[in-house]
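Shown next, in C-alpha cells, is the structure this report addresses.
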Amino acid sequence: MTDSQIRYGAEVAEALRAGRPVVALESTIVSHGLPRPDNLRVAREIEAAVRAEGAVPATIGMVEGVLVVGLDDAQVTRLATSDGVAKLSVRDLAVAAATGADGATTVAATSAVAASAGIRVFATGGLGGVHREAAQTFDESADLTTLSRTPIAVVCAGVKSILDVGATLERLETLGVAVVGYRSRRFPGFFVTDGGFDLDWSVDSPEQAAAVLAARAAHGVQPGALIVANPLPADEQLDPALHDRTLADGLARLAAQGVTGKAVTPFLLAHFHSATEGASLAVNVRIILRNAALAARIAVAAAR
Ligand code: PSU
Ligand code: MN
C-alpha cells in the first residue's frame, strides 16, 4: 500500500504554520495548457511573480501517487516535461494516488486541495466552464460545482471564449459562486479584455478583496469560492479579429476530428498557440503572471 497523506513542501508548511501569505498554483496549465518547452519556464516565472509580491507559492500536483502542496523544482520539471501526466480533477485524486500516477491538478482539484490545506488564495489563468454544445453533451467543467463548495479566492481572467461564457456565468450564479471584477464591471474573456457580459460587483484593491474573504468567513453562510476576475489591459489583449478567426477555426477542427470530453480544452489551447504563431501564448503568459501577482497581493492583505 502506498502512503496517501498529502505532502507539503518545506517552505509552504512553514508559511502555513506561521500564518504567512501563501498562494496556490495549479499544475494543469503547466502540463496540459502550455506548450513545451515554454511551460517549464513559465511555471518558474509564476512562482517568482508570487514571491515578488511577498507571498509563498504552493504549486499543487501529484508525483508517483503522492499529492504534493508546494512541488519542488524537480517535481515541477517532471510534470512539465514527462509524457503520461494525467489531468486530475477532484474525482481522480484518490484513484491516481492508489495507482501511483503522475498527475496535474485542474482548477477544481487545486482549489479543493488548497482549501483543505488552509490556503485562501489561488491564482490561475482561466476557469473551466460550460462548453458550447453543453445542452447536448452535458460537458460542464467540474471546476464550477467544486467552486460552489470550496472556500477560496480564485484570481483568473474569466473564462476562454472557447466556452459558452454566458452559460458559465449563469451556472456560477445558480451554484452560489461569488464573482467580482478587479477594477472592472465586465467579465473578462481571457485572451480578450471584455468577455461580453456585465458583472454586478467589482473590487478596487487587494485589501477590498481580502475584506470580502474576511466577511465571508465571519458570516459563515456562503460555502463557496470568490472569483476575482482580472482583465488584461486592452492594449495587451490578443487582437480581437485574430482571436475570433482562430476560435472559429478551432471549433470547426474540434467537430471534424471528433474531439470530446477532457481533451477539448487542451486541444483548443494547442490550436490557439499554433494558429496564432505564439501570439496567444505570449498573452496567456502575461495573464498568468498578472494573476499570480494580484493573488499574492490579496494573500498578503488577507494575512495582515
Ligand atoms: N482554461 C484555460 N486553460 C487551462 C484550463 C482551463 O484557459 O489550462 C485547465 C484548468 O486546469 C481547468 C481545466 O481547471 O483546464 C478545465 O478542464 P475541463 O474543462 O476538462 O474541466
Ligand atoms: Mn469537460
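Identifiers for the C-alpha cells are assigned positionally: chains receive A, B, ... in sequence, residues are indexed from 1 per chain, and ligands are indexed from 1 in the order shown.
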So that I can check the secondary structure, give me every residue of segment 136-174 of chain A assigned helix (DSSP H, G or I) by backbone DSSP, as a PDB file with C-alpha atoms, in the first residue's frame.
ATOM      1  CA  GLN A 136     -26.348  18.134 -25.951  1.00  0.00           C
ATOM      2  CA  THR A 137     -23.074  16.893 -24.454  1.00  0.00           C
ATOM      3  CA  ALA A 142     -16.233  20.199 -12.516  1.00  0.00           C
ATOM      4  CA  ASP A 143     -14.478  23.485 -11.710  1.00  0.00           C
ATOM      5  CA  LEU A 144     -17.912  25.073 -11.305  1.00  0.00           C
ATOM      6  CA  THR A 145     -19.519  22.603  -8.897  1.00  0.00           C
ATOM      7  CA  THR A 146     -16.285  22.298  -6.929  1.00  0.00           C
ATOM      8  CA  LEU A 147     -16.035  26.061  -6.508  1.00  0.00           C
ATOM      9  CA  VAL A 165     -19.336  32.420 -21.411  1.00  0.00           C
ATOM     10  CA  GLY A 166     -22.929  33.472 -20.710  1.00  0.00           C
ATOM     11  CA  ALA A 167     -23.970  29.984 -19.654  1.00  0.00           C
ATOM     12  CA  THR A 168     -20.910  29.739 -17.415  1.00  0.00           C
ATOM     13  CA  LEU A 169     -21.892  32.940 -15.616  1.00  0.00           C
ATOM     14  CA  GLU A 170     -25.448  31.645 -15.207  1.00  0.00           C
ATOM     15  CA  ARG A 171     -24.177  28.415 -13.691  1.00  0.00           C
ATOM     16  CA  LEU A 172     -21.881  30.302 -11.313  1.00  0.00           C
ATOM     17  CA  GLU A 173     -24.912  32.263 -10.150  1.00  0.00           C
ATOM     18  CA  THR A 174     -27.000  29.109  -9.683  1.00  0.00           C
TER      19      THR A 174
END
- Task: Find the residues around segment 236-242 of chain A up to 8 Å (only C-alpha atoms counted), leave out those fewer than 3 positions away in its own chain, and share them as a list in words.
- Result: Phe191, Val192, Thr193, Leu232, Pro233, Arg245, Thr246, Thr276, Ala279, Ser280 and Val283 of chain A
Export C-alpha atoms of the chosen residues as a PDB file, in the first residue's frame?
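Written output follows (selection20.pdb):
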ATOM      1  CA  PHE A 191      -7.329  36.389 -24.287  1.00  0.00           C
ATOM      2  CA  VAL A 192      -9.621  39.368 -24.750  1.00  0.00           C
ATOM      3  CA  THR A 193     -10.244  42.078 -22.171  1.00  0.00           C
ATOM      4  CA  LEU A 232      -5.915  42.231 -19.234  1.00  0.00           C
ATOM      5  CA  PRO A 233      -5.449  45.891 -20.130  1.00  0.00           C
ATOM      6  CA  ARG A 245     -10.852  33.781 -36.600  1.00  0.00           C
ATOM      7  CA  THR A 246      -8.765  31.360 -34.554  1.00  0.00           C
ATOM      8  CA  THR A 276      -1.504  32.486 -33.805  1.00  0.00           C
ATOM      9  CA  ALA A 279       0.822  35.435 -30.044  1.00  0.00           C
ATOM     10  CA  SER A 280      -1.775  33.714 -27.868  1.00  0.00           C
ATOM     11  CA  VAL A 283      -0.854  36.765 -23.978  1.00  0.00           C
TER      12      VAL A 283
END
Counting only C-alpha atoms, closest pick from A:Arg290, A:Arg7, A:His219, A:Arg149 relative to Gly65 of chain A is A:Arg7
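Between atom 20 (O, counted along the ligand's line) of ligand 1 and atom CA of Asn39 of chain A the interatomic distance comes to 18.7 Å.
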Taking a cut-off of 6 Å and counting only C-alpha atoms and all ligand atoms, can you build a table that, for each residue of chain A near ligand 2, reports the nearest atom pair and how far apart they are in Å (one decimal), sorted by chain then residue number, as a Markdown table?
| residue | atom | partner | partner_atom_place_in_ligand_line | distance |
| --- | --- | --- | --- | --- |
| A:Asp139 | CA | ligand 2 | 1 (Mn) | 4.8 |
| A:Glu140 | CA | ligand 2 | 1 (Mn) | 5.3 |
| A:Ser141 | CA | ligand 2 | 1 (Mn) | 4.7 |
| A:Gly261 | CA | ligand 2 | 1 (Mn) | 4.9 |
| A:Lys262 | CA | ligand 2 | 1 (Mn) | 4.7 |
Using only C-alpha atoms and all ligand atoms, find each residue with an atom at most 6 Å away from ligand 1 and format the answer as a ChimeraX atom specification.
-> /A:28-29,33,106-108,125-128,141-143,160,262,265
Output of the above residues as a CSV table (one decimal), in the first residue's frame, restricted to N, CA, C and O atoms:
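Wrote again.csv, looks like this:
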chain,number,residue,atom,x,y,z
A,28,THR,N,-2.2,21.9,-14.0
A,28,THR,CA,-2.7,21.5,-15.4
A,28,THR,C,-2.3,22.5,-16.4
A,28,THR,O,-2.0,22.1,-17.5
A,29,ILE,N,-2.3,23.8,-16.0
A,29,ILE,CA,-1.8,24.8,-17.1
A,29,ILE,C,-0.4,24.5,-17.5
A,29,ILE,O,0.0,24.7,-18.6
A,33,GLY,N,-1.8,22.9,-20.5
A,33,GLY,CA,-2.3,24.1,-21.0
A,33,GLY,C,-1.3,24.9,-21.8
A,33,GLY,O,-1.7,25.7,-22.6
A,106,THR,N,-6.3,20.2,-11.9
A,106,THR,CA,-7.1,21.3,-12.5
A,106,THR,C,-7.5,22.4,-11.5
A,106,THR,O,-7.1,22.2,-10.3
A,107,VAL,N,-8.2,23.4,-11.9
A,107,VAL,CA,-8.7,24.4,-11.0
A,107,VAL,C,-9.5,23.7,-9.9
A,107,VAL,O,-9.4,24.0,-8.7
A,108,ALA,N,-10.4,22.7,-10.3
A,108,ALA,CA,-11.2,22.1,-9.3
A,108,ALA,C,-10.4,21.4,-8.3
A,108,ALA,O,-10.5,21.6,-7.1
A,125,GLY,N,-5.0,30.9,-14.8
A,125,GLY,CA,-5.2,31.7,-16.0
A,125,GLY,C,-6.7,31.9,-16.2
A,125,GLY,O,-7.3,32.9,-16.0
A,126,GLY,N,-7.4,30.8,-16.7
A,126,GLY,CA,-8.8,30.9,-16.9
A,126,GLY,C,-9.5,29.7,-16.2
A,126,GLY,O,-8.9,28.6,-16.1
A,127,LEU,N,-10.7,29.8,-15.9
A,127,LEU,CA,-11.5,28.7,-15.3
A,127,LEU,C,-12.0,27.8,-16.4
A,127,LEU,O,-12.3,28.3,-17.5
A,128,GLY,N,-12.3,26.6,-16.0
A,128,GLY,CA,-13.2,25.8,-16.9
A,128,GLY,C,-14.6,26.2,-16.7
A,128,GLY,O,-14.9,27.0,-15.8
A,141,SER,N,-17.5,21.9,-16.9
A,141,SER,CA,-16.3,21.6,-16.0
A,141,SER,C,-16.7,21.4,-14.6
A,141,SER,O,-17.5,22.1,-14.0
A,142,ALA,N,-16.1,20.4,-14.0
A,142,ALA,CA,-16.2,20.2,-12.5
A,142,ALA,C,-15.7,21.4,-11.7
A,142,ALA,O,-15.9,21.5,-10.5
A,143,ASP,N,-14.9,22.3,-12.4
A,143,ASP,CA,-14.5,23.5,-11.7
A,143,ASP,C,-15.7,24.2,-11.1
A,143,ASP,O,-15.6,24.7,-10.0
A,160,LYS,N,-12.2,31.3,-21.1
A,160,LYS,CA,-12.0,31.5,-22.5
A,160,LYS,C,-13.2,31.4,-23.3
A,160,LYS,O,-14.2,30.7,-23.0
A,262,LYS,N,-12.6,15.6,-21.7
A,262,LYS,CA,-11.5,16.3,-21.1
A,262,LYS,C,-10.4,16.7,-22.1
A,262,LYS,O,-9.5,17.5,-21.8
A,265,THR,N,-10.4,21.1,-23.9
A,265,THR,CA,-9.7,22.3,-23.6
A,265,THR,C,-8.3,22.2,-24.0
A,265,THR,O,-7.8,23.2,-24.7
### Message
For Arg216 of chain A, find every residue with an atom within 12 Å (counting only C-alpha atoms), except residues of its own chain fewer than 5 positions away, and show them as a ChimeraX atom specification.
### Response
/A:120,151-153,177-178,209-211,221-226
How would the residues just chosen look if you wrote them out with N, CA, C and O atoms as a short mmCIF file (atom, residue, chain, number, x, y, z; two decimals), in the first residue's frame?
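Result file out.cif:
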data_model
loop_
_atom_site.label_atom_id
_atom_site.label_comp_id
_atom_site.auth_asym_id
_atom_site.auth_seq_id
_atom_site.Cartn_x
_atom_site.Cartn_y
_atom_site.Cartn_z
N ARG A 120 -5.89 30.31 1.26
CA ARG A 120 -7.10 31.10 0.99
C ARG A 120 -7.13 31.75 -0.38
O ARG A 120 -8.15 32.30 -0.78
N PRO A 151 -14.11 27.08 -0.13
CA PRO A 151 -13.88 28.45 0.31
C PRO A 151 -12.48 28.95 -0.03
O PRO A 151 -11.53 28.81 0.73
N ILE A 152 -12.35 29.54 -1.20
CA ILE A 152 -11.05 30.05 -1.64
C ILE A 152 -11.29 31.18 -2.63
O ILE A 152 -12.33 31.19 -3.31
N ALA A 153 -10.37 32.13 -2.68
CA ALA A 153 -10.43 33.16 -3.71
C ALA A 153 -9.64 32.67 -4.92
O ALA A 153 -8.50 32.22 -4.77
N VAL A 177 -21.58 30.86 -6.49
CA VAL A 177 -20.18 31.29 -6.50
C VAL A 177 -20.15 32.80 -6.74
O VAL A 177 -20.72 33.29 -7.72
N ALA A 178 -19.48 33.52 -5.85
CA ALA A 178 -19.39 34.98 -5.98
C ALA A 178 -18.40 35.35 -7.08
O ALA A 178 -17.34 34.72 -7.20
N ALA A 209 -10.57 42.94 -1.75
CA ALA A 209 -10.78 41.51 -2.00
C ALA A 209 -10.58 40.72 -0.70
O ALA A 209 -11.36 39.80 -0.39
N ALA A 210 -9.56 41.07 0.05
CA ALA A 210 -9.31 40.38 1.33
C ALA A 210 -10.46 40.62 2.29
O ALA A 210 -10.84 39.73 3.07
N ALA A 211 -11.07 41.83 2.25
CA ALA A 211 -12.21 42.13 3.13
C ALA A 211 -13.41 41.26 2.77
O ALA A 211 -14.19 40.88 3.66
N VAL A 221 -21.78 31.77 6.16
CA VAL A 221 -23.03 31.45 5.48
C VAL A 221 -22.79 30.87 4.08
O VAL A 221 -23.43 29.90 3.69
N GLN A 222 -21.89 31.48 3.34
CA GLN A 222 -21.68 31.07 1.95
C GLN A 222 -20.51 30.09 1.88
O GLN A 222 -19.39 30.43 2.26
N PRO A 223 -20.74 28.86 1.40
CA PRO A 223 -19.68 27.85 1.43
C PRO A 223 -18.70 27.94 0.26
O PRO A 223 -17.67 27.27 0.28
N GLY A 224 -19.02 28.74 -0.74
CA GLY A 224 -18.28 28.63 -2.00
C GLY A 224 -17.17 29.64 -2.18
O GLY A 224 -16.81 30.40 -1.28
N ALA A 225 -16.66 29.64 -3.38
CA ALA A 225 -15.48 30.43 -3.73
C ALA A 225 -15.84 31.88 -4.08
O ALA A 225 -17.00 32.22 -4.33
N LEU A 226 -14.80 32.70 -4.08
CA LEU A 226 -14.87 34.06 -4.60
C LEU A 226 -14.00 34.09 -5.85
O LEU A 226 -12.79 33.83 -5.77
#
Open item on the list: At a cut-off of 12 Å, using only C-alpha atoms, what residues contact Ser205 of chain A? Leave out same-chain residues fewer than 4 positions from it and give the result as a ChimeraX atom specification.
Closed with: /A:180-184,209-212,228,230,294-295,297-298,301-302
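Between atom CA of Lys87 of chain A and atom CA of Ala256 of chain A there is a distance of 23.7 Å.
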Write out as a VMD selection string all residues of segment 160-268 of chain A that backbone DSSP assigns to strand (DSSP E or B).
-> chain A and resid 163 178 to 182 186 to 189 192 to 198 202 to 203 226 to 229
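Note that atom CA of Leu93 of chain A and atom CA of Leu16 of chain A are 22.5 Å apart.
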Between A:Glu26, A:Asp249, A:Asp102, A:Asp92, smallest distance to Ala123 of chain A by only C-alpha atoms belongs to A:Glu26
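Shortest separation to Gly70 of chain A among A:Leu25, A:Ala55, A:Val300, A:Ala109 occurs at residue A:Leu25, atoms counted being only C-alpha atoms.
Residues in contact range of Ala58 of chain A, defined as at most 10 Å between only C-alpha atoms, with sequence neighbours fewer than 4 positions away removed, read Tyr8, Gly9, Glu11, Val12, Ala13, Val22, Val23, Ala24, Leu25, Glu26, Glu47, Val50, Val68, Val69, Gly70, Leu71, Asp72, Ala114, Ile119 and Phe122 of chain A.
When only C-alpha atoms are used to compute distances to Val159 of chain A, the closest of the residues A:Ser116, A:Thr260, A:Thr124, A:Ser4 turns out to be A:Thr124.
For Asp164 of chain A, the set of protein, DNA and RNA residues having any atom at most 8 Å away, when counting only C-alpha atoms and skipping those fewer than 6 positions along the same chain, is Gly129, Val130, His131 and Arg132 of chain A.
Closest to Ala252 of chain A among A:Ala303, A:Leu268, A:Met62, A:Leu199 is A:Leu268, based on only C-alpha atoms.
Distance annotation: of A:Ala52, A:Leu254, A:Ala74, A:Val42, the residue with the minimal separation from Pro266 of chain A is A:Leu254; atom set is only C-alpha atoms.
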